[in-house]
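Below: query.tsv (TSV, C-alpha atoms)
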```tsv
chain	number	residue	atom	x	y	z
A	129	MET	CA	-32.42	6.37	-14.65
A	130	GLU	CA	-29.46	4.03	-14.06
A	131	ASN	CA	-27.33	4.54	-10.94
A	132	LYS	CA	-24.04	2.64	-10.79
A	133	PHE	CA	-22.30	2.31	-7.43
A	134	PHE	CA	-20.08	0.08	-5.29
A	135	TYR	CA	-21.10	-1.55	-2.02
A	136	ASP	CA	-19.62	-3.87	0.60
A	137	THR	CA	-19.86	-7.62	0.70
A	138	TYR	CA	-19.40	-9.74	3.83
A	139	ASN	CA	-15.66	-10.30	3.46
A	140	GLY	CA	-14.67	-6.68	2.84
A	141	LEU	CA	-14.71	-6.72	-0.95
A	142	LYS	CA	-16.57	-4.19	-3.07
A	143	LEU	CA	-19.28	-5.27	-5.48
A	144	CYS	CA	-20.45	-3.13	-8.38
A	145	GLY	CA	-24.13	-2.85	-9.25
A	146	ILE	CA	-26.53	-0.77	-11.32
A	147	LEU	CA	-29.89	0.27	-9.91
A	148	SER	CA	-32.75	1.18	-12.22
A	149	LYS	CA	-35.38	2.66	-9.91
A	150	ILE	CA	-38.38	3.27	-12.12
A	151	ASN	CA	-41.19	3.75	-9.61
A	152	ASP	CA	-41.90	4.03	-5.88
A	153	SER	CA	-42.87	0.39	-5.41
A	154	ASP	CA	-41.08	-1.57	-2.67
A	155	GLU	CA	-40.62	-4.48	-5.10
A	156	ILE	CA	-37.56	-4.96	-7.30
A	157	ALA	CA	-36.21	-7.57	-9.71
A	158	VAL	CA	-32.59	-8.59	-9.07
A	159	ILE	CA	-30.73	-10.07	-12.06
A	160	CYS	CA	-27.81	-12.50	-11.63
A	161	HIS	CA	-25.38	-13.02	-14.49
A	162	PRO	CA	-23.89	-16.27	-15.90
A	163	ARG	CA	-20.67	-17.92	-14.73
A	164	THR	CA	-17.57	-15.69	-15.08
A	165	SER	CA	-19.65	-13.17	-17.05
A	166	SER	CA	-20.90	-9.82	-15.74
A	167	LYS	CA	-23.82	-7.47	-15.25
A	168	ASP	CA	-23.05	-6.13	-18.73
A	169	SER	CA	-23.56	-9.41	-20.58
A	170	ASN	CA	-26.03	-9.16	-23.45
A	171	ALA	CA	-28.76	-11.21	-21.76
A	172	VAL	CA	-28.54	-9.36	-18.44
A	173	LYS	CA	-28.51	-5.91	-20.03
A	174	THR	CA	-31.44	-6.84	-22.26
A	175	ILE	CA	-33.48	-8.12	-19.31
A	176	SER	CA	-32.71	-4.97	-17.32
A	177	SER	CA	-33.59	-2.68	-20.23
A	178	GLU	CA	-36.91	-4.41	-20.90
A	179	LEU	CA	-37.84	-4.44	-17.21
A	180	SER	CA	-37.19	-0.70	-17.04
A	181	ARG	CA	-39.19	-0.11	-20.21
A	182	ASN	CA	-42.09	-1.92	-18.56
A	183	ASN	CA	-41.93	0.17	-15.36
A	184	ILE	CA	-40.31	-2.55	-13.21
A	185	ASN	CA	-37.56	-1.63	-10.75
A	186	ASN	CA	-34.44	-3.72	-11.28
A	187	PHE	CA	-30.87	-4.18	-10.11
A	188	ARG	CA	-28.00	-5.99	-11.76
A	189	PHE	CA	-24.56	-6.55	-10.26
A	190	ASP	CA	-21.21	-8.27	-10.69
A	191	PHE	CA	-20.38	-11.28	-8.53
A	192	VAL	CA	-17.00	-11.38	-6.81
A	193	SER	CA	-14.03	-11.32	-9.26
A	194	CYS	CA	-16.38	-10.57	-12.19
A	195	GLY	CA	-16.86	-7.37	-14.15
A	196	GLU	CA	-16.10	-4.32	-11.99
A	197	SER	CA	-16.32	-6.07	-8.61
A	198	ASP	CA	-13.31	-6.82	-6.41
A	199	GLY	CA	-11.74	-10.24	-6.00
A	200	GLU	CA	-9.34	-12.72	-7.54
A	201	TYR	CA	-10.24	-15.95	-9.34
A	202	ASP	CA	-9.68	-18.06	-6.21
A	203	GLU	CA	-12.47	-16.13	-4.43
A	204	TYR	CA	-15.02	-17.06	-7.10
A	205	SER	CA	-17.21	-19.88	-5.76
A	206	VAL	CA	-20.85	-20.82	-5.28
A	207	SER	CA	-20.54	-20.11	-1.54
A	208	HIS	CA	-19.17	-16.61	-2.16
A	209	MET	CA	-21.79	-15.90	-4.83
A	210	ILE	CA	-24.62	-16.90	-2.49
A	211	LYS	CA	-23.22	-14.47	0.08
A	212	ASN	CA	-22.86	-11.80	-2.63
A	213	LEU	CA	-26.55	-12.11	-3.47
A	214	GLU	CA	-27.53	-12.06	0.21
A	215	ASP	CA	-25.43	-8.93	0.78
A	216	THR	CA	-27.04	-7.37	-2.29
A	217	LEU	CA	-30.55	-8.04	-1.02
A	218	ASP	CA	-29.61	-6.75	2.46
A	219	MET	CA	-28.23	-3.57	0.88
A	220	LEU	CA	-31.38	-3.00	-1.17
A	221	ILE	CA	-33.50	-3.48	1.95
A	222	LYS	CA	-31.47	-1.19	4.22
A	223	LYS	CA	-30.44	1.54	1.78
A	224	TYR	CA	-33.43	1.70	-0.57
A	225	SER	CA	-36.27	0.19	1.51
A	226	PHE	CA	-37.13	-2.56	-0.95
A	227	ASN	CA	-38.75	-5.50	0.83
A	228	SER	CA	-40.15	-7.67	-1.95
A	229	PHE	CA	-37.99	-9.39	-4.55
A	230	ILE	CA	-38.20	-11.13	-7.91
A	231	LEU	CA	-35.01	-13.02	-8.72
A	232	VAL	CA	-33.87	-13.56	-12.30
A	233	GLY	CA	-30.89	-15.85	-12.86
A	234	CYS	CA	-29.09	-16.71	-16.08
A	235	SER	CA	-27.11	-19.97	-16.26
A	236	MET	CA	-24.94	-20.03	-13.10
A	237	GLY	CA	-26.95	-17.04	-11.89
A	238	GLY	CA	-29.95	-19.36	-12.03
A	239	ARG	CA	-28.15	-21.74	-9.71
A	240	ILE	CA	-27.42	-18.98	-7.22
A	241	VAL	CA	-30.95	-17.54	-7.08
A	242	SER	CA	-32.25	-21.08	-6.53
A	243	LEU	CA	-30.23	-21.40	-3.32
A	244	ILE	CA	-31.47	-18.26	-1.55
A	245	ASP	CA	-33.75	-18.45	1.51
A	246	GLU	CA	-37.04	-17.36	-0.06
A	247	ASN	CA	-38.71	-16.64	3.28
A	248	LYS	CA	-35.90	-14.59	4.82
A	249	TYR	CA	-35.82	-12.28	1.80
A	250	ASN	CA	-39.49	-12.29	0.83
A	251	ILE	CA	-38.86	-13.71	-2.63
A	252	LYS	CA	-42.08	-13.54	-4.63
A	253	LYS	CA	-41.03	-15.17	-7.90
A	254	ILE	CA	-37.96	-16.72	-9.51
A	255	VAL	CA	-37.16	-16.66	-13.23
A	256	LEU	CA	-34.55	-19.14	-14.47
A	257	TRP	CA	-32.95	-18.65	-17.87
A	258	TYR	CA	-31.11	-21.81	-19.00
A	259	PRO	CA	-30.19	-22.50	-15.35
A	260	ALA	CA	-27.01	-24.44	-14.54
A	261	LEU	CA	-28.54	-26.18	-11.55
A	262	ASN	CA	-26.22	-29.17	-11.37
A	263	LEU	CA	-22.56	-29.25	-12.43
A	264	ARG	CA	-22.79	-32.97	-13.14
A	265	LYS	CA	-25.61	-32.41	-15.64
A	266	SER	CA	-23.73	-29.91	-17.83
A	267	ILE	CA	-20.80	-30.34	-20.17
A	268	PHE	CA	-18.91	-27.73	-18.17
A	269	ASN	CA	-16.93	-30.36	-16.25
A	270	LEU	CA	-16.74	-32.85	-19.13
A	271	PRO	CA	-17.31	-34.86	-16.73
A	272	GLY	CA	-14.60	-34.23	-14.14
A	273	LYS	CA	-11.87	-33.49	-16.70
A	274	ARG	CA	-11.54	-29.81	-15.87
A	275	GLU	CA	-11.63	-30.47	-12.15
A	276	ARG	CA	-8.77	-32.95	-12.49
A	277	LEU	CA	-6.75	-30.36	-14.38
A	278	ALA	CA	-7.55	-27.76	-11.71
A	279	LYS	CA	-6.38	-30.16	-9.01
A	280	LYS	CA	-3.14	-30.81	-10.87
A	281	GLN	CA	-2.17	-27.19	-11.53
A	282	GLY	CA	-4.27	-25.31	-8.92
A	283	TYR	CA	-6.74	-23.86	-11.42
A	284	TYR	CA	-8.44	-24.47	-14.74
A	285	GLN	CA	-8.28	-21.71	-17.33
A	286	ILE	CA	-11.58	-21.45	-19.20
A	287	GLU	CA	-10.33	-18.76	-21.54
A	288	LYS	CA	-7.68	-16.06	-21.55
A	289	GLY	CA	-7.78	-14.28	-18.21
A	290	VAL	CA	-10.55	-16.47	-16.75
A	291	LYS	CA	-9.61	-19.15	-14.24
A	292	LEU	CA	-11.48	-21.46	-11.88
A	293	SER	CA	-9.68	-22.77	-8.81
A	294	TYR	CA	-9.72	-26.38	-7.69
A	295	GLU	CA	-11.59	-25.21	-4.58
A	296	TYR	CA	-14.31	-23.88	-6.87
A	297	PHE	CA	-15.11	-27.35	-8.16
A	298	LYS	CA	-15.12	-28.87	-4.67
A	299	ASP	CA	-17.33	-26.10	-3.33
A	300	GLU	CA	-19.86	-26.38	-6.14
A	301	ARG	CA	-20.54	-30.03	-5.30
A	302	ARG	CA	-21.85	-28.99	-1.87
A	303	TYR	CA	-25.02	-27.52	-3.35
A	304	ARG	CA	-28.06	-29.05	-5.01
A	305	ALA	CA	-30.12	-26.15	-6.30
A	306	ASP	CA	-32.61	-28.50	-7.91
A	307	LYS	CA	-33.48	-30.11	-4.57
A	308	HIS	CA	-34.04	-26.72	-2.96
A	309	LEU	CA	-36.43	-25.74	-5.75
A	310	TYR	CA	-38.47	-28.90	-5.11
A	311	SER	CA	-39.13	-27.75	-1.54
A	312	ILE	CA	-40.47	-24.25	-2.20
A	313	ASP	CA	-43.92	-23.15	-3.27
A	314	ILE	CA	-43.35	-19.74	-4.86
A	315	PRO	CA	-43.95	-19.32	-8.62
A	316	LEU	CA	-41.04	-20.42	-10.80
A	317	LEU	CA	-40.47	-19.89	-14.51
A	318	PHE	CA	-37.93	-21.97	-16.43
A	319	ILE	CA	-36.90	-20.74	-19.89
A	320	HIS	CA	-34.51	-22.92	-21.88
A	321	GLY	CA	-33.45	-23.26	-25.51
A	322	THR	CA	-33.61	-26.64	-27.21
A	323	SER	CA	-30.20	-26.08	-28.84
A	324	ASP	CA	-28.31	-25.25	-25.64
A	325	LYS	CA	-24.88	-26.92	-25.91
A	326	PHE	CA	-23.73	-26.03	-22.40
A	327	VAL	CA	-26.67	-26.96	-20.18
A	328	PRO	CA	-29.11	-29.46	-21.71
A	329	TYR	CA	-32.70	-28.24	-21.82
A	330	THR	CA	-33.79	-31.62	-20.47
A	331	SER	CA	-32.47	-30.59	-17.06
A	332	SER	CA	-35.04	-27.77	-16.89
A	333	VAL	CA	-37.74	-30.16	-18.09
A	334	LYS	CA	-36.97	-32.67	-15.35
A	335	VAL	CA	-36.56	-30.16	-12.53
A	336	SER	CA	-39.63	-28.11	-13.42
A	337	LYS	CA	-41.81	-31.23	-13.40
A	338	LYS	CA	-40.84	-31.94	-9.79
A	339	CYS	CA	-41.45	-28.40	-8.55
A	340	LYS	CA	-44.71	-27.45	-6.84
A	341	ASN	CA	-45.46	-24.25	-8.74
A	342	ALA	CA	-43.42	-24.08	-11.93
A	343	LYS	CA	-43.92	-23.09	-15.55
A	344	LEU	CA	-41.62	-24.09	-18.40
A	345	LEU	CA	-40.98	-22.42	-21.75
A	346	LEU	CA	-38.83	-24.28	-24.25
A	347	ILE	CA	-37.57	-22.05	-27.04
A	348	ASN	CA	-37.12	-24.00	-30.25
A	349	GLY	CA	-33.57	-23.56	-31.52
A	350	GLY	CA	-32.55	-21.32	-28.63
A	351	ASP	CA	-28.89	-21.50	-27.62
A	352	HIS	CA	-27.17	-20.80	-24.30
A	353	GLY	CA	-27.60	-17.04	-24.12
A	354	PHE	CA	-30.44	-16.61	-26.63
A	355	HIS	CA	-28.17	-14.88	-29.14
A	356	ASP	CA	-30.83	-15.07	-31.84
A	357	ASP	CA	-33.06	-11.98	-31.68
A	358	LYS	CA	-36.25	-13.98	-32.12
A	359	CYS	CA	-35.34	-16.33	-29.26
A	360	MET	CA	-34.38	-13.42	-27.02
A	361	LYS	CA	-37.66	-11.64	-27.72
A	362	GLU	CA	-39.65	-14.77	-26.89
A	363	ALA	CA	-37.76	-15.20	-23.61
A	364	ILE	CA	-38.22	-11.54	-22.68
A	365	ASN	CA	-41.95	-11.53	-23.48
A	366	LYS	CA	-42.59	-14.62	-21.35
A	367	THR	CA	-40.50	-13.20	-18.50
A	368	LEU	CA	-42.48	-9.95	-18.49
A	369	GLU	CA	-45.78	-11.81	-18.68
A	370	PHE	CA	-44.80	-13.98	-15.74
A	371	ILE	CA	-43.60	-11.06	-13.59
A	372	LYS	CA	-46.75	-9.06	-14.26
A	373	GLU	CA	-49.15	-11.90	-13.43
```
Can you give me the file's structure in the form of structure tokens?
Amino acid sequence: MENKFFYDTYNGLKLCGILSKINDSDEIAVICHPRTSSKDSNAVKTISSELSRNNINNFRFDFVSCGESDGEYDEYSVSHMIKNLEDTLDMLIKKYSFNSFILVGCSMGGRIVSLIDENKYNIKKIVLWYPALNLRKSIFNLPGKRERLAKKQGYYQIEKGVKLSYEYFKDERRYRADKHLYSIDIPLLFIHGTSDKFVPYTSSVKVSKKCKNAKLLLINGGDHGFHDDKCMKEAINKTLEFIKE
């Protein structure tokens, strides 16, 4: 049921993805993983598994320099990730004849799916799990501390083996995913835990209120990643309900 393969991105690198083609529909859900995570993160694998179990085609992949995809840390940026998603959608259109998409983004993945041209790619719905829409509104940059360190030494090391370049921080400031969401009229679903220590749930509250066609689910006690089984189940059930509407 799952088909793992590598495919080209715009700058000659290879991305790794897993296709779960469950039926003959021309619609597919594409799942984007959190910052410096991978297609095999717990949340992404759970979403994919539940979509498959509910007869929904889905595809999950690794952004540049993540998981099994090519690339070094200095190639990881919002600009590159947007192109990675565009190349992924183009591949699914040309190789597998999908022409209708549901985008599901977790954390930074939520930021990326929010910046895609919804008309060019016939995006029908967007699901945002604890989306990191604005760097300045998260504790990730603390605020500006990590960027200053990256500028001083050329990179900031999040954890062992995981680095972000100074260019990454500069590039991320170019994009306002929240503003793009305000301008579109396709159905949006925000799901956020009230105990998220990385991206405050209030950001999803504020952004969803300004969107034209958005729903919001706040999960009481949910953390960044929904590691509690009860929270994960609630997020999954609402996601499936929304996609099937």
Box dimensions and centre (Å, one decimal) enclosing segment 250-254 of chain A, axis-aligned, 6 Å extra per side, as lines of an AutoDock Vina configuration file:
```
center_x = -40.0
center_y = -14.5
center_z = -4.3
size_x = 16.1
size_y = 16.4
size_z = 22.3
```
Near segment 274-288 of chain A, within 10 Å and counting all atoms listed in the file, which residues show up once chain neighbours fewer than 5 positions away are dropped, as a PDB file with C-alpha atoms, in the coordinates of the input?
```pdb
ATOM      1  CA  THR A 164     -17.570 -15.690 -15.080  1.00  0.00           C
ATOM      2  CA  TYR A 201     -10.240 -15.950  -9.340  1.00  0.00           C
ATOM      3  CA  ASP A 202      -9.680 -18.060  -6.210  1.00  0.00           C
ATOM      4  CA  PHE A 268     -18.910 -27.730 -18.170  1.00  0.00           C
ATOM      5  CA  ASN A 269     -16.930 -30.360 -16.250  1.00  0.00           C
ATOM      6  CA  SER A 293      -9.680 -22.770  -8.810  1.00  0.00           C
ATOM      7  CA  TYR A 294      -9.720 -26.380  -7.690  1.00  0.00           C
ATOM      8  CA  GLU A 295     -11.590 -25.210  -4.580  1.00  0.00           C
ATOM      9  CA  TYR A 296     -14.310 -23.880  -6.870  1.00  0.00           C
ATOM     10  CA  PHE A 297     -15.110 -27.350  -8.160  1.00  0.00           C
ATOM     11  CA  LYS A 298     -15.120 -28.870  -4.670  1.00  0.00           C
TER      12      LYS A 298
END
```
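Closest approach to Gly199 of chain A from the set A:Lys223, A:Lys142, A:His161, A:Lys291 is made by A:Lys142, with distances taken over all atoms listed in the file.
Residue nearest Val232 of chain A, chosen from A:Ile146, A:Leu220, A:Ala171, A:Val290 and counting only C-alpha atoms: A:Ala171.
Interatomic distance, atom CA of Leu292 of chain A against atom CA of Trp257 of chain A: 22.5 Å.
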For this session: Extract, using all atoms listed in the file, all DNA, RNA and protein residues at most 9 Å from His352 of chain A, discarding same-chain residues fewer than 2 positions from it, and format them as a ChimeraX atom specification.
Result: /A:235,257-258,320-321,323-327,350,354-355
The selected residues should be written to file as an mmCIF file, in the coordinates of the input (atoms: C-alpha atoms).
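Final file, again19.cif:
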```cif
data_model
loop_
_atom_site.group_PDB
_atom_site.id
_atom_site.type_symbol
_atom_site.label_atom_id
_atom_site.label_comp_id
_atom_site.auth_asym_id
_atom_site.auth_seq_id
_atom_site.Cartn_x
_atom_site.Cartn_y
_atom_site.Cartn_z
ATOM 1 C CA SER A 235 -27.110 -19.970 -16.260
ATOM 2 C CA TRP A 257 -32.950 -18.650 -17.870
ATOM 3 C CA TYR A 258 -31.110 -21.810 -19.000
ATOM 4 C CA HIS A 320 -34.510 -22.920 -21.880
ATOM 5 C CA GLY A 321 -33.450 -23.260 -25.510
ATOM 6 C CA SER A 323 -30.200 -26.080 -28.840
ATOM 7 C CA ASP A 324 -28.310 -25.250 -25.640
ATOM 8 C CA LYS A 325 -24.880 -26.920 -25.910
ATOM 9 C CA PHE A 326 -23.730 -26.030 -22.400
ATOM 10 C CA VAL A 327 -26.670 -26.960 -20.180
ATOM 11 C CA GLY A 350 -32.550 -21.320 -28.630
ATOM 12 C CA PHE A 354 -30.440 -16.610 -26.630
ATOM 13 C CA HIS A 355 -28.170 -14.880 -29.140
#
```
Exercise. Quick one: residues within 6 Å of Leu344 of chain A, only C-alpha atoms counted, chain neighbours fewer than 2 positions away excluded, as a list in words?
Worked result: Leu317, Phe318 and Ile319 of chain A
Please, could you write that set of residues out with C-alpha atoms as a PDB file, keeping the file's coordinate frame?
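Contents of result-v9.pdb, freshly written:
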```
ATOM      1  CA  LEU A 317     -40.470 -19.890 -14.510  1.00  0.00           C
ATOM      2  CA  PHE A 318     -37.930 -21.970 -16.430  1.00  0.00           C
ATOM      3  CA  ILE A 319     -36.900 -20.740 -19.890  1.00  0.00           C
TER       4      ILE A 319
END
```
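For the residues A:Val158, A:Leu141, A:Cys359, A:Ile184, ranking by smallest atom-to-atom distance to Met129 of chain A using only C-alpha atoms places A:Ile184 first.
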For this session: Record the distance separating atom CA of Lys343 of chain A and atom CA of Gly145 of chain A, expressed in Å with one decimal.
Result: 29.0 Å
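Each of A:Asp357, A:Val255, A:Thr330, A:Leu243 was checked against Asp306 of chain A using all atoms listed in the file; the smallest atom-to-atom distance is that of A:Leu243.
With all atoms listed in the file as the basis for measurement, A:Ser242 is the residue among A:Asn247, A:Asn227, A:Ser242, A:Ser336 that approaches Leu213 of chain A most closely.
For Thr137 of chain A, the residues within 9 Å (counting all atoms listed in the file, excluding itself and residues fewer than 3 positions away along the chain) are Gly140, Leu141, Lys142, Leu143, Val192, Lys211, Asn212, Glu214, Asp215 and Thr216 of chain A.
For the point (-26.8, -21.0, -11.5), the residues with at least one atom inside 10 Å, counting only C-alpha atoms, are Cys160, His161, Pro162, Arg163, Val206, Met209, Gly233, Cys234, Ser235, Met236, Gly237, Gly238, Arg239, Ile240, Val241, Ser242, Leu243, Leu256, Trp257, Tyr258, Pro259, Ala260, Leu261, Asn262, Leu263 and Ala305 of chain A.
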Problem set entry | Using only C-alpha atoms: which of A:Arg188, A:Lys253, A:His308, A:Lys149 has the shortest distance to Thr367 of chain A | A:Lys253
Kindly reconstruct segment 203-221 of chain A with N, CA and C atoms and present the result as a compact mmCIF listing (two decimals), in the frame of the given file.
```
# COMPACT_ATOMS: atom_id res chain seq x y z
N GLU A 203 -11.36 -16.51 -5.31
CA GLU A 203 -12.47 -16.13 -4.43
C GLU A 203 -13.82 -16.36 -5.11
N TYR A 204 -13.79 -16.79 -6.35
CA TYR A 204 -15.02 -17.06 -7.10
C TYR A 204 -15.49 -18.47 -6.76
N SER A 205 -16.65 -18.57 -6.13
CA SER A 205 -17.21 -19.88 -5.76
C SER A 205 -18.71 -19.74 -5.55
N VAL A 206 -19.42 -20.85 -5.53
CA VAL A 206 -20.85 -20.82 -5.28
C VAL A 206 -21.13 -20.23 -3.90
N SER A 207 -20.34 -20.63 -2.90
CA SER A 207 -20.54 -20.11 -1.54
C SER A 207 -20.41 -18.60 -1.49
N HIS A 208 -19.36 -18.07 -2.14
CA HIS A 208 -19.17 -16.61 -2.16
C HIS A 208 -20.29 -15.93 -2.93
N MET A 209 -20.73 -16.53 -4.04
CA MET A 209 -21.79 -15.90 -4.83
C MET A 209 -23.12 -15.87 -4.09
N ILE A 210 -23.41 -16.91 -3.32
CA ILE A 210 -24.62 -16.90 -2.49
C ILE A 210 -24.56 -15.73 -1.51
N LYS A 211 -23.39 -15.57 -0.86
CA LYS A 211 -23.22 -14.47 0.08
C LYS A 211 -23.30 -13.12 -0.64
N ASN A 212 -22.76 -13.04 -1.85
CA ASN A 212 -22.86 -11.80 -2.63
C ASN A 212 -24.31 -11.42 -2.86
N LEU A 213 -25.14 -12.39 -3.23
CA LEU A 213 -26.55 -12.11 -3.47
C LEU A 213 -27.25 -11.73 -2.16
N GLU A 214 -26.94 -12.42 -1.08
CA GLU A 214 -27.53 -12.06 0.21
C GLU A 214 -27.15 -10.64 0.61
N ASP A 215 -25.87 -10.29 0.45
CA ASP A 215 -25.43 -8.93 0.78
C ASP A 215 -26.11 -7.90 -0.11
N THR A 216 -26.35 -8.26 -1.36
CA THR A 216 -27.04 -7.37 -2.29
C THR A 216 -28.48 -7.12 -1.85
N LEU A 217 -29.17 -8.19 -1.47
CA LEU A 217 -30.55 -8.04 -1.02
C LEU A 217 -30.60 -7.24 0.28
N ASP A 218 -29.66 -7.51 1.19
CA ASP A 218 -29.61 -6.75 2.46
C ASP A 218 -29.38 -5.27 2.18
N MET A 219 -28.51 -4.96 1.23
CA MET A 219 -28.23 -3.57 0.88
C MET A 219 -29.47 -2.89 0.31
N LEU A 220 -30.18 -3.57 -0.57
CA LEU A 220 -31.38 -3.00 -1.17
C LEU A 220 -32.49 -2.78 -0.14
N ILE A 221 -32.52 -3.64 0.87
CA ILE A 221 -33.50 -3.48 1.95
C ILE A 221 -33.13 -2.27 2.82
```
